[in-house]
Amino acid sequence: NHSCTPNATFTWNPNQETMDLYIGQPITAGEEITIAYCSEWAPKLMRQLQLRKYEFECCCSTCSSPGDKLLESDANRKRIGQLQAQLGRVDKQKGLQLVEEAEKLQKAEGLLSSIAKATNMFHKTLCIQQLHPSTPGTFGMLKEAHKMLSEARS
C-alpha cells in the first residue's frame with residue numbers, strides 16, 4: 001500500500017525485467033509494507049493530485065498532520081527535492097553541504113531509510129575523496145557505503 005513516508009521502495013531491474021522491493025527500515029511482524037505511489041518530495045497538494053490516478057485520497061500520518069506540522073513537512077520535502085536535483089551540478093564542497101542538509105531533512109521527515117543512509121554516505125565519500133584525494137579512510141568509507149546498499153537490497 002501507499003504512504004508518503006514509506007518503509008520500503010522499489011526499482012525496475014532491467015536485467016531480470018522485474019520490480020525489486022527494498023525494505024528501507026526494520027519492519028515488525030504484522031506491520032504493513034508501504035511504498036510511495038507519488039513523489040515523496042512534493043508538497044501534500046501535489047502528492048494528492050498525483051494520487052488521483054489511483055482513485056484515492058492519502059490519509060497517511062504525513063498527510064494527516066495538523067496545519068503547522070504539515071506546512072513544515074511540505075517545506076522540508078520540497079527542499080530535499082531541490083537539494084537532490086542540485087547534487088550533480090555543484091562543486092564537491094557544495095555537494096557535501098547539500099548531502100548533509102538533505103540528510104537532516106530526511107531524518108526529520110522519517111525518510112532516512114537504510115538505502116538513503118547508504119546513498120548519502122556514498123555521495124559524501126565521493127565529495128571528500130575528490131576534494132581531498134589523500135584523505136585516509138575514504139576507500140573504506142566507499143566499501144562501507146557499498147556494504148550498506150547491499151544489505152538494504154537483500
# chains A, B, ... in the order shown; residues from 1 in each chain; ligands from 1

call {"tool": "residues_around", "arguments": {"residues": "A:Ser64", "least_positions_apart": "4", "cutoff": "12 Å", "atoms": "only C-alpha atoms", "output": "list in words"}}
result
Ser3, Cys4, Thr5, Lys44, Gln48, Glu57, Cys58, Cys59, Cys60, Asp68, Lys69, Leu70, Leu71 and Ser73 of chain A

call {"tool": "write_last_selection", "arguments": {"atoms": "N, CA and C atoms", "output": "compact mmCIF listing (two decimals), in the first residue's frame"}}
result
# COMPACT_ATOMS: atom_id res chain seq x y z
N SER A 3 2.17 5.08 1.26
CA SER A 3 2.38 6.04 2.33
C SER A 3 3.34 7.10 1.80
N CYS A 4 3.15 8.33 2.22
CA CYS A 4 4.07 9.41 1.83
C CYS A 4 5.36 9.34 2.65
N THR A 5 5.36 8.50 3.68
CA THR A 5 6.56 8.20 4.46
C THR A 5 6.69 6.68 4.48
N LYS A 44 1.98 18.30 -0.01
CA LYS A 44 0.76 17.48 0.10
C LYS A 44 -0.18 17.69 -1.08
N GLN A 48 -1.36 14.73 -3.51
CA GLN A 48 -2.76 14.33 -3.66
C GLN A 48 -3.20 14.35 -5.13
N GLU A 57 -7.63 9.20 -1.85
CA GLU A 57 -7.00 10.35 -1.20
C GLU A 57 -6.16 9.82 -0.06
N CYS A 58 -4.91 10.22 -0.02
CA CYS A 58 -3.99 9.72 1.01
C CYS A 58 -4.38 10.26 2.39
N CYS A 59 -4.37 9.36 3.35
CA CYS A 59 -4.67 9.72 4.75
C CYS A 59 -3.54 9.25 5.66
N CYS A 60 -2.33 9.11 5.09
CA CYS A 60 -1.19 8.64 5.90
C CYS A 60 -0.89 9.66 7.00
N ASP A 68 0.46 23.50 11.03
CA ASP A 68 1.85 23.95 11.06
C ASP A 68 2.83 22.82 10.77
N LYS A 69 2.53 21.65 11.31
CA LYS A 69 3.40 20.49 11.09
C LYS A 69 3.39 20.09 9.61
N LEU A 70 2.23 20.16 8.97
CA LEU A 70 2.12 19.84 7.55
C LEU A 70 2.88 20.87 6.70
N LEU A 71 2.76 22.14 7.05
CA LEU A 71 3.49 23.19 6.32
C LEU A 71 5.00 22.98 6.42
N SER A 73 6.50 20.10 6.99
CA SER A 73 6.80 18.90 6.23
C SER A 73 6.87 19.21 4.74

call {"tool": "residues_around", "arguments": {"residues": "A:Gly110", "least_positions_apart": "3", "cutoff": "9 Å", "atoms": "only C-alpha atoms", "output": "count of residues only"}}
result
6

call {"tool": "residues_around", "arguments": {"residues": "A:Arg47", "least_positions_apart": "2", "cutoff": "12 Å", "atoms": "only C-alpha atoms", "output": "NGL selection string"}}
result
:A and (2-5 or 36-45 or 49-54 or 56-60 or 62-63 or 74 or 77-78)

call {"tool": "residues_around", "arguments": {"residues": "A:Gln93", "least_positions_apart": "4", "cutoff": "9 Å", "atoms": "only C-alpha atoms", "output": "list of chain:residue names"}}
result
A:Gln97, A:Leu98, A:Cys127, A:Ile128, A:Leu131
